[in-house]
file my_file.txt (compact mmCIF, C-alpha atoms)
# COMPACT_ATOMS: atom_id res chain seq x y z
CA MET A 1 0.00 0.00 0.00
CA ARG A 2 2.97 2.25 0.50
CA ASP A 3 3.80 1.66 -3.16
CA ILE A 4 0.30 2.74 -4.18
CA ALA A 5 0.50 5.87 -2.06
CA ALA A 6 4.01 6.68 -3.35
CA ALA A 7 2.88 6.22 -6.96
CA TRP A 8 -0.04 8.62 -6.46
CA GLU A 9 2.22 11.13 -4.73
CA ARG A 10 4.62 10.92 -7.68
CA GLU A 11 1.90 11.13 -10.33
CA ARG A 12 -0.39 13.61 -8.57
CA PRO A 13 1.62 15.70 -6.12
CA GLY A 14 -0.59 17.24 -3.49
CA THR A 15 -3.30 14.59 -3.73
CA PRO A 16 -4.05 13.32 -0.20
CA VAL A 17 -2.99 9.69 0.11
CA SER A 18 -3.18 9.14 3.88
CA SER A 19 -6.42 7.17 3.55
CA ILE A 20 -4.96 4.53 1.26
CA GLY A 21 -3.39 2.44 4.02
CA ILE A 22 -6.65 2.26 5.97
CA VAL A 23 -9.27 2.09 3.24
CA THR A 24 -7.34 -0.39 1.09
CA SER A 25 -6.75 -2.64 4.11
CA VAL A 26 -10.44 -2.48 5.05
CA TRP A 27 -11.49 -3.33 1.46
CA GLN A 28 -8.99 -6.20 1.26
CA LEU A 29 -10.06 -7.58 4.64
CA ALA A 30 -13.73 -7.29 3.68
CA LYS A 31 -13.04 -9.27 0.51
CA LEU A 32 -11.06 -11.96 2.34
CA PHE A 33 -13.59 -12.25 5.18
CA GLY A 34 -16.52 -12.27 2.74
CA ASP A 35 -14.99 -14.95 0.53
CA ASP A 36 -14.11 -17.10 3.53
CA ARG A 37 -17.62 -16.68 4.98
CA ARG A 38 -19.17 -17.73 1.66
CA ARG A 39 -16.99 -20.86 1.61
CA THR A 40 -17.94 -21.67 5.22
CA LEU A 41 -21.63 -21.17 4.42
CA ALA A 42 -21.39 -23.25 1.24
CA ARG A 43 -20.05 -26.15 3.30
CA ALA A 44 -23.00 -25.66 5.66
CA GLY A 45 -25.44 -25.50 2.74
CA VAL A 46 -26.63 -21.94 3.49
CA ASP A 47 -26.21 -18.80 1.41
CA THR A 48 -25.27 -15.40 2.81
CA ALA A 49 -28.69 -13.83 2.24
CA THR A 50 -30.49 -16.67 4.01
CA LEU A 51 -28.11 -16.54 6.96
CA ASP A 52 -28.66 -12.79 7.18
CA LEU A 53 -32.45 -13.26 7.29
CA LEU A 54 -32.30 -16.07 9.84
CA SER A 55 -29.77 -14.19 11.98
CA VAL A 56 -31.85 -11.01 12.06
CA LEU A 57 -34.85 -13.04 13.21
CA ARG A 58 -32.83 -15.06 15.76
CA ARG A 59 -31.23 -11.96 17.29
CA SER A 60 -34.65 -10.34 17.68
CA GLY A 61 -35.43 -12.68 20.59
CA PRO A 62 -38.56 -14.74 21.24
CA PRO A 63 -40.91 -15.17 19.44
CA TYR A 64 -38.32 -14.55 16.66
CA THR A 65 -40.79 -12.53 14.61
CA LEU A 66 -40.27 -9.27 12.76
CA SER A 67 -42.16 -7.29 10.16
CA THR A 68 -40.74 -7.32 6.66
CA ARG A 69 -40.13 -3.58 7.03
CA GLU A 70 -38.05 -4.15 10.17
CA ILE A 71 -36.10 -6.95 8.48
CA GLY A 72 -35.28 -4.57 5.63
CA ARG A 73 -34.19 -1.84 8.03
CA ARG A 74 -31.96 -4.15 10.06
CA SER A 75 -30.47 -5.79 6.97
CA MET A 76 -30.15 -2.60 4.93
CA ILE A 77 -31.93 -4.14 1.95
CA THR A 78 -34.92 -3.16 -0.16
CA ALA A 79 -38.45 -4.45 0.30
CA GLY A 80 -38.02 -6.48 -2.88
CA ALA A 81 -34.89 -8.14 -1.54
CA VAL A 82 -36.66 -8.94 1.73
CA SER A 83 -39.52 -10.50 -0.21
CA GLN A 84 -37.14 -12.67 -2.24
CA ARG A 85 -35.23 -13.81 0.84
CA VAL A 86 -38.39 -14.60 2.75
CA ALA A 87 -39.92 -16.51 -0.18
CA ARG A 88 -36.78 -18.64 -0.58
CA ALA A 89 -36.53 -19.32 3.18
CA GLU A 90 -40.24 -20.09 3.34
CA ARG A 91 -39.88 -22.70 0.56
CA GLU A 92 -37.13 -24.31 2.65
CA ASN A 93 -39.39 -24.27 5.77
CA LEU A 94 -36.99 -21.93 7.58
CA VAL A 95 -39.56 -19.17 8.13
CA ILE A 96 -43.29 -18.60 7.89
CA ARG A 97 -44.99 -15.34 7.05
CA GLY A 98 -48.40 -13.97 7.68
CA PRO A 99 -50.34 -10.83 8.57
CA ALA A 100 -49.53 -9.07 11.82
CA GLN A 101 -52.21 -9.20 14.51
CA GLY A 102 -54.31 -6.09 14.30
CA ARG A 103 -52.30 -4.77 11.33
CA PRO A 104 -53.55 -6.61 8.23
CA ARG A 105 -51.31 -4.64 5.85
CA THR A 106 -48.16 -5.58 7.79
CA VAL A 107 -46.44 -8.87 6.98
CA GLU A 108 -44.60 -10.61 9.79
CA VAL A 109 -41.94 -13.27 9.36
CA THR A 110 -41.31 -15.89 12.04
CA LEU A 111 -38.41 -18.28 12.40
CA THR A 112 -39.51 -21.94 12.30
CA ALA A 113 -37.98 -24.69 14.42
CA THR A 114 -36.03 -25.83 11.34
CA GLY A 115 -34.84 -22.27 10.73
CA HIS A 116 -33.81 -22.00 14.36
CA GLU A 117 -31.73 -25.18 14.10
CA VAL A 118 -30.09 -24.01 10.87
CA VAL A 119 -29.16 -20.59 12.21
CA GLU A 120 -27.82 -22.02 15.48
CA ALA A 121 -25.52 -24.49 13.71
CA THR A 122 -24.47 -22.07 10.99
CA VAL A 123 -23.75 -19.10 13.24
CA ASP A 124 -21.56 -21.30 15.42
CA GLN A 125 -19.56 -22.40 12.36
CA VAL A 126 -19.19 -18.86 11.03
CA LEU A 127 -18.26 -17.26 14.34
CA HIS A 128 -15.78 -20.00 15.24
CA ARG A 129 -14.12 -19.61 11.84
CA GLU A 130 -13.96 -15.83 12.12
CA ALA A 131 -12.50 -16.12 15.63
CA GLU A 132 -9.79 -18.37 14.15
CA LEU A 133 -9.02 -15.75 11.53
CA LEU A 134 -8.57 -13.11 14.25
CA ASP A 135 -6.34 -15.29 16.45
CA GLY A 136 -3.31 -13.42 15.07
CA LEU A 137 -4.29 -10.46 17.22
CA ALA A 138 -4.06 -10.70 20.99
CA PRO A 139 -7.38 -10.15 22.81
CA GLU A 140 -6.40 -6.63 23.89
CA LYS A 141 -5.48 -5.73 20.30
CA GLN A 142 -8.82 -7.12 19.11
CA ALA A 143 -10.61 -4.92 21.65
CA GLU A 144 -8.55 -1.90 20.59
CA LEU A 145 -9.27 -2.53 16.90
CA THR A 146 -12.97 -3.02 17.63
CA ALA A 147 -13.12 0.32 19.40
CA LEU A 148 -11.23 2.12 16.62
CA LEU A 149 -13.44 0.62 13.92
CA ARG A 150 -16.62 1.55 15.82
CA THR A 151 -15.36 5.11 16.16
CA LEU A 152 -14.48 5.28 12.46
CA LEU A 153 -17.80 3.72 11.42
CA ALA A 154 -19.82 6.15 13.53
CA ASP A 155 -17.90 9.12 12.16
CA VAL A 156 -18.21 7.99 8.54
CA GLN A 157 -21.93 7.29 9.01
CA HIS A 158 -22.37 10.76 10.45
CA ARG A 159 -20.40 12.41 7.62
CA LEU A 160 -22.43 10.51 5.01
CA GLY A 161 -25.75 10.96 6.79
CA ASP A 162 -26.24 7.19 6.73
CA ASP A 163 -27.06 5.66 10.10
CA ARG A 164 -28.40 2.36 8.81
CA LEU A 165 -27.30 -0.75 10.61
CA THR A 166 -25.20 -3.42 8.97
CA HIS A 167 -26.27 -7.09 8.77
CA VAL A 168 -23.72 -7.81 11.45
CA GLY A 169 -24.41 -4.63 13.39
CA GLU A 170 -26.29 -4.02 16.53
CA ASP A 171 -30.06 -4.40 16.39

call {"tool": "encode", "arguments": {"input": "my_file.txt", "output": "structure tokens"}}
result
Amino acid sequence: MRDIAAAWERERPGTPVSSIGIVTSVWQLAKLFGDDRRRTLARAGVDTATLDLLSVLRRSGPPYTLSTREIGRRSMITAGAVSQRVARAERENLVIRGPAQGRPRTVEVTLTATGHEVVEATVDQVLHREAELLDGLAPEKQAELTALLRTLLADVQHRLGDDRLTHVGED
């Protein structure tokens, strides 16, 4: 990354390059983590979108039911994407959907027992694998990096006016 920054400094003197080391590392890590997660999920027989849906429902707590609007908000996806994910998961008996009590225009999605089993097993696999990938950092360094990334994320969200949650963010 120093080479990239040096090349830009040579070719475009005065162009700010201080972000390259951070942003490029974040992009590269996101790619590596994403690819590894997809491989882990493929071995488990679950795709990323389905795990996201099941995880959002599971983290919501009993009765593991959310409106499609809330799923979209927590997953940062469109209503159409929610509908596609729910339809696919419903065909696989991982969720059921129906009208909300007292709100006939609102669709609620509920995790089934099968969906609960799938998300429990899959999340364990994913989180164990990701913990392995972070083993190169001592626990105190992991905590320090977590704090720095949270600070950076909050600041960037504020600067961009985008406070949506990520699929792995806090609900």

call {"tool": "atom_distance", "arguments": {"input": "my_file.txt", "atom1": "CA of Thr106 in chain A", "atom2": "CA of Arg69 in chain A"}}
result
8.3 Å

call {"tool": "atom_distance", "arguments": {"input": "my_file.txt", "atom1": "CA of Leu145 in chain A", "atom2": "CA of Gln28 in chain A"}}
result
16.1 Å

call {"tool": "residues_around", "arguments": {"input": "my_file.txt", "residues": "Thr112 in chain A", "least_positions_apart": "5", "cutoff": "7 Å", "atoms": "all atoms listed in the file", "output": "list of chain:residue names"}}
result
A:Asn93, A:Leu94, A:Val95, A:Ile96

call {"tool": "closest_residue", "arguments": {"input": "my_file.txt", "among": "A:Val56, A:Val46, A:Val156, A:Asp36", "to": "Glu70 in chain A", "atoms": "all atoms listed in the file"}}
result
A:Val56

call {"tool": "residues_around", "arguments": {"input": "my_file.txt", "residues": "range 121-127 of chain A", "least_positions_apart": "6", "cutoff": "7 Å", "atoms": "all atoms listed in the file", "output": "PyMOL selection string"}}
result
chain A and resi 37+40+44

call {"tool": "atom_distance", "arguments": {"input": "my_file.txt", "atom1": "CA of Met1 in chain A", "atom2": "CA of Gly21 in chain A"}}
result
5.8 Å

call {"tool": "residues_around", "arguments": {"input": "my_file.txt", "residues": "Pro63 in chain A", "least_positions_apart": "4", "cutoff": "10 Å", "atoms": "all atoms listed in the file", "output": "list in words"}}
result
Leu57, Arg58, Thr110, Leu111 and Thr112 of chain A

call {"tool": "write_last_selection", "arguments": {"input": "my_file.txt", "atoms": "C-alpha atoms", "output": "CSV table (one decimal), in the coordinates of the input"}}
result
chain,number,residue,atom,x,y,z
A,57,LEU,CA,-34.8,-13.0,13.2
A,58,ARG,CA,-32.8,-15.1,15.8
A,110,THR,CA,-41.3,-15.9,12.0
A,111,LEU,CA,-38.4,-18.3,12.4
A,112,THR,CA,-39.5,-21.9,12.3

call {"tool": "closest_residue", "arguments": {"input": "my_file.txt", "among": "A:Arg103, A:Lys141, A:His116, A:Arg12", "to": "Leu53 in chain A", "atoms": "all atoms listed in the file"}}
result
A:His116

call {"tool": "closest_residue", "arguments": {"input": "my_file.txt", "among": "A:Leu29, A:Ala131, A:Ala100, A:Val86", "to": "Leu51 in chain A", "atoms": "only C-alpha atoms"}}
result
A:Val86

call {"tool": "closest_atom_pairs", "arguments": {"input": "my_file.txt", "of": "range 45-94 of chain A", "to": "range 159-164 of chain A", "cutoff": "12 Å", "atoms": "all atoms listed in the file", "output": "Markdown table"}}
result
| residue | atom | partner | partner_atom | distance |
| --- | --- | --- | --- | --- |
| A:Glu70 | CA | A:Arg164 | CA | 11.7 |
| A:Gly72 | CA | A:Arg164 | CA | 10.3 |
| A:Arg73 | CA | A:Arg164 | CA | 7.2 |
| A:Arg74 | CA | A:Arg164 | CA | 7.5 |
| A:Ser75 | CA | A:Arg164 | CA | 8.6 |
| A:Met76 | CA | A:Arg164 | CA | 6.5 |
| A:Ile77 | CA | A:Arg164 | CA | 10.1 |

call {"tool": "axis_aligned_box", "arguments": {"input": "my_file.txt", "around": "range 59-77 of chain A", "padding_each_side": "6 Å", "output": "AutoDock Vina command-line options"}}
result
--center_x -36.2 --center_y -8.5 --center_z 11.6 --size_x 24.0 --size_y 25.3 --size_z 31.3

call {"tool": "decode", "arguments": {"input": "my_file.txt", "residues": "range 98-110 of chain A", "atoms": "all heavy atoms", "output": "PDB file, in the first residue's frame"}}
result
ATOM      1  N   GLY A  98     -46.963 -14.178   7.594  1.00  0.00           N
ATOM      2  CA  GLY A  98     -48.398 -13.967   7.676  1.00  0.00           C
ATOM      3  C   GLY A  98     -48.686 -12.555   8.123  1.00  0.00           C
ATOM      4  O   GLY A  98     -47.771 -11.794   8.443  1.00  0.00           O
ATOM      5  N   PRO A  99     -49.973 -12.192   8.160  1.00  0.00           N
ATOM      6  CA  PRO A  99     -50.336 -10.832   8.566  1.00  0.00           C
ATOM      7  C   PRO A  99     -50.099 -10.633  10.063  1.00  0.00           C
ATOM      8  O   PRO A  99     -50.231 -11.556  10.858  1.00  0.00           O
ATOM      9  CB  PRO A  99     -51.821 -10.738   8.230  1.00  0.00           C
ATOM     10  CG  PRO A  99     -52.296 -12.148   8.206  1.00  0.00           C
ATOM     11  CD  PRO A  99     -51.131 -12.999   7.797  1.00  0.00           C
ATOM     12  N   ALA A 100     -49.737  -9.421  10.418  1.00  0.00           N
ATOM     13  CA  ALA A 100     -49.530  -9.070  11.820  1.00  0.00           C
ATOM     14  C   ALA A 100     -50.886  -8.938  12.502  1.00  0.00           C
ATOM     15  O   ALA A 100     -51.850  -8.487  11.884  1.00  0.00           O
ATOM     16  CB  ALA A 100     -48.756  -7.761  11.931  1.00  0.00           C
ATOM     17  N   GLN A 101     -50.957  -9.328  13.759  1.00  0.00           N
ATOM     18  CA  GLN A 101     -52.205  -9.196  14.505  1.00  0.00           C
ATOM     19  C   GLN A 101     -52.592  -7.727  14.608  1.00  0.00           C
ATOM     20  O   GLN A 101     -51.783  -6.886  15.012  1.00  0.00           O
ATOM     21  CB  GLN A 101     -52.062  -9.784  15.906  1.00  0.00           C
ATOM     22  CG  GLN A 101     -52.141 -11.274  15.931  1.00  0.00           C
ATOM     23  CD  GLN A 101     -52.214 -11.779  17.369  1.00  0.00           C
ATOM     24  OE1 GLN A 101     -51.809 -11.115  18.306  1.00  0.00           O
ATOM     25  NE2 GLN A 101     -52.743 -12.978  17.521  1.00  0.00           N
ATOM     26  N   GLY A 102     -53.808  -7.441  14.211  1.00  0.00           N
ATOM     27  CA  GLY A 102     -54.313  -6.086  14.304  1.00  0.00           C
ATOM     28  C   GLY A 102     -53.775  -5.131  13.254  1.00  0.00           C
ATOM     29  O   GLY A 102     -54.115  -3.962  13.251  1.00  0.00           O
ATOM     30  N   ARG A 103     -52.883  -5.625  12.387  1.00  0.00           N
ATOM     31  CA  ARG A 103     -52.305  -4.774  11.334  1.00  0.00           C
ATOM     32  C   ARG A 103     -52.287  -5.582  10.030  1.00  0.00           C
ATOM     33  O   ARG A 103     -51.239  -6.102   9.620  1.00  0.00           O
ATOM     34  CB  ARG A 103     -50.904  -4.331  11.711  1.00  0.00           C
ATOM     35  CG  ARG A 103     -50.884  -3.475  12.967  1.00  0.00           C
ATOM     36  CD  ARG A 103     -49.509  -2.953  13.327  1.00  0.00           C
ATOM     37  NE  ARG A 103     -48.391  -3.729  12.805  1.00  0.00           N
ATOM     38  CZ  ARG A 103     -47.318  -4.046  13.499  1.00  0.00           C
ATOM     39  NH1 ARG A 103     -47.204  -3.672  14.747  1.00  0.00           N
ATOM     40  NH2 ARG A 103     -46.349  -4.733  12.969  1.00  0.00           N
ATOM     41  N   PRO A 104     -53.432  -5.724   9.380  1.00  0.00           N
ATOM     42  CA  PRO A 104     -53.547  -6.609   8.229  1.00  0.00           C
ATOM     43  C   PRO A 104     -52.641  -6.260   7.052  1.00  0.00           C
ATOM     44  O   PRO A 104     -52.333  -7.123   6.241  1.00  0.00           O
ATOM     45  CB  PRO A 104     -55.016  -6.501   7.827  1.00  0.00           C
ATOM     46  CG  PRO A 104     -55.536  -5.271   8.484  1.00  0.00           C
ATOM     47  CD  PRO A 104     -54.682  -5.031   9.676  1.00  0.00           C
ATOM     48  N   ARG A 105     -52.183  -5.027   6.967  1.00  0.00           N
ATOM     49  CA  ARG A 105     -51.310  -4.639   5.851  1.00  0.00           C
ATOM     50  C   ARG A 105     -49.838  -4.926   6.151  1.00  0.00           C
ATOM     51  O   ARG A 105     -48.991  -4.795   5.280  1.00  0.00           O
ATOM     52  CB  ARG A 105     -51.497  -3.171   5.538  1.00  0.00           C
ATOM     53  CG  ARG A 105     -52.929  -2.863   5.131  1.00  0.00           C
ATOM     54  CD  ARG A 105     -53.083  -1.418   4.828  1.00  0.00           C
ATOM     55  NE  ARG A 105     -53.045  -1.282   3.381  1.00  0.00           N
ATOM     56  CZ  ARG A 105     -53.062  -0.143   2.740  1.00  0.00           C
ATOM     57  NH1 ARG A 105     -53.090   0.984   3.424  1.00  0.00           N
ATOM     58  NH2 ARG A 105     -53.039  -0.109   1.437  1.00  0.00           N
ATOM     59  N   THR A 106     -49.540  -5.287   7.387  1.00  0.00           N
ATOM     60  CA  THR A 106     -48.162  -5.575   7.790  1.00  0.00           C
ATOM     61  C   THR A 106     -47.919  -7.078   7.729  1.00  0.00           C
ATOM     62  O   THR A 106     -48.694  -7.863   8.254  1.00  0.00           O
ATOM     63  CB  THR A 106     -47.902  -5.066   9.227  1.00  0.00           C
ATOM     64  OG1 THR A 106     -48.115  -3.657   9.245  1.00  0.00           O
ATOM     65  CG2 THR A 106     -46.491  -5.381   9.684  1.00  0.00           C
ATOM     66  N   VAL A 107     -46.824  -7.457   7.082  1.00  0.00           N
ATOM     67  CA  VAL A 107     -46.440  -8.866   6.985  1.00  0.00           C
ATOM     68  C   VAL A 107     -45.356  -9.144   8.017  1.00  0.00           C
ATOM     69  O   VAL A 107     -44.366  -8.416   8.102  1.00  0.00           O
ATOM     70  CB  VAL A 107     -45.927  -9.207   5.571  1.00  0.00           C
ATOM     71  CG1 VAL A 107     -45.443 -10.653   5.510  1.00  0.00           C
ATOM     72  CG2 VAL A 107     -47.015  -8.960   4.531  1.00  0.00           C
ATOM     73  N   GLU A 108     -45.589 -10.178   8.808  1.00  0.00           N
ATOM     74  CA  GLU A 108     -44.601 -10.611   9.794  1.00  0.00           C
ATOM     75  C   GLU A 108     -43.970 -11.921   9.341  1.00  0.00           C
ATOM     76  O   GLU A 108     -44.621 -12.759   8.735  1.00  0.00           O
ATOM     77  CB  GLU A 108     -45.246 -10.798  11.165  1.00  0.00           C
ATOM     78  CG  GLU A 108     -45.605  -9.507  11.839  1.00  0.00           C
ATOM     79  CD  GLU A 108     -46.100  -9.717  13.262  1.00  0.00           C
ATOM     80  OE1 GLU A 108     -46.630 -10.789  13.579  1.00  0.00           O
ATOM     81  OE2 GLU A 108     -45.942  -8.776  14.046  1.00  0.00           O
ATOM     82  N   VAL A 109     -42.704 -12.065   9.694  1.00  0.00           N
ATOM     83  CA  VAL A 109     -41.944 -13.267   9.360  1.00  0.00           C
ATOM     84  C   VAL A 109     -41.467 -13.879  10.670  1.00  0.00           C
ATOM     85  O   VAL A 109     -40.925 -13.180  11.527  1.00  0.00           O
ATOM     86  CB  VAL A 109     -40.744 -12.928   8.450  1.00  0.00           C
ATOM     87  CG1 VAL A 109     -39.962 -14.183   8.096  1.00  0.00           C
ATOM     88  CG2 VAL A 109     -41.205 -12.198   7.196  1.00  0.00           C
ATOM     89  N   THR A 110     -41.676 -15.181  10.813  1.00  0.00           N
ATOM     90  CA  THR A 110     -41.310 -15.887  12.038  1.00  0.00           C
ATOM     91  C   THR A 110     -40.370 -17.038  11.718  1.00  0.00           C
ATOM     92  O   THR A 110     -40.585 -17.798  10.767  1.00  0.00           O
ATOM     93  CB  THR A 110     -42.572 -16.440  12.740  1.00  0.00           C
ATOM     94  OG1 THR A 110     -43.460 -15.352  13.005  1.00  0.00           O
ATOM     95  CG2 THR A 110     -42.229 -17.156  14.035  1.00  0.00           C
TER      96      THR A 110
END
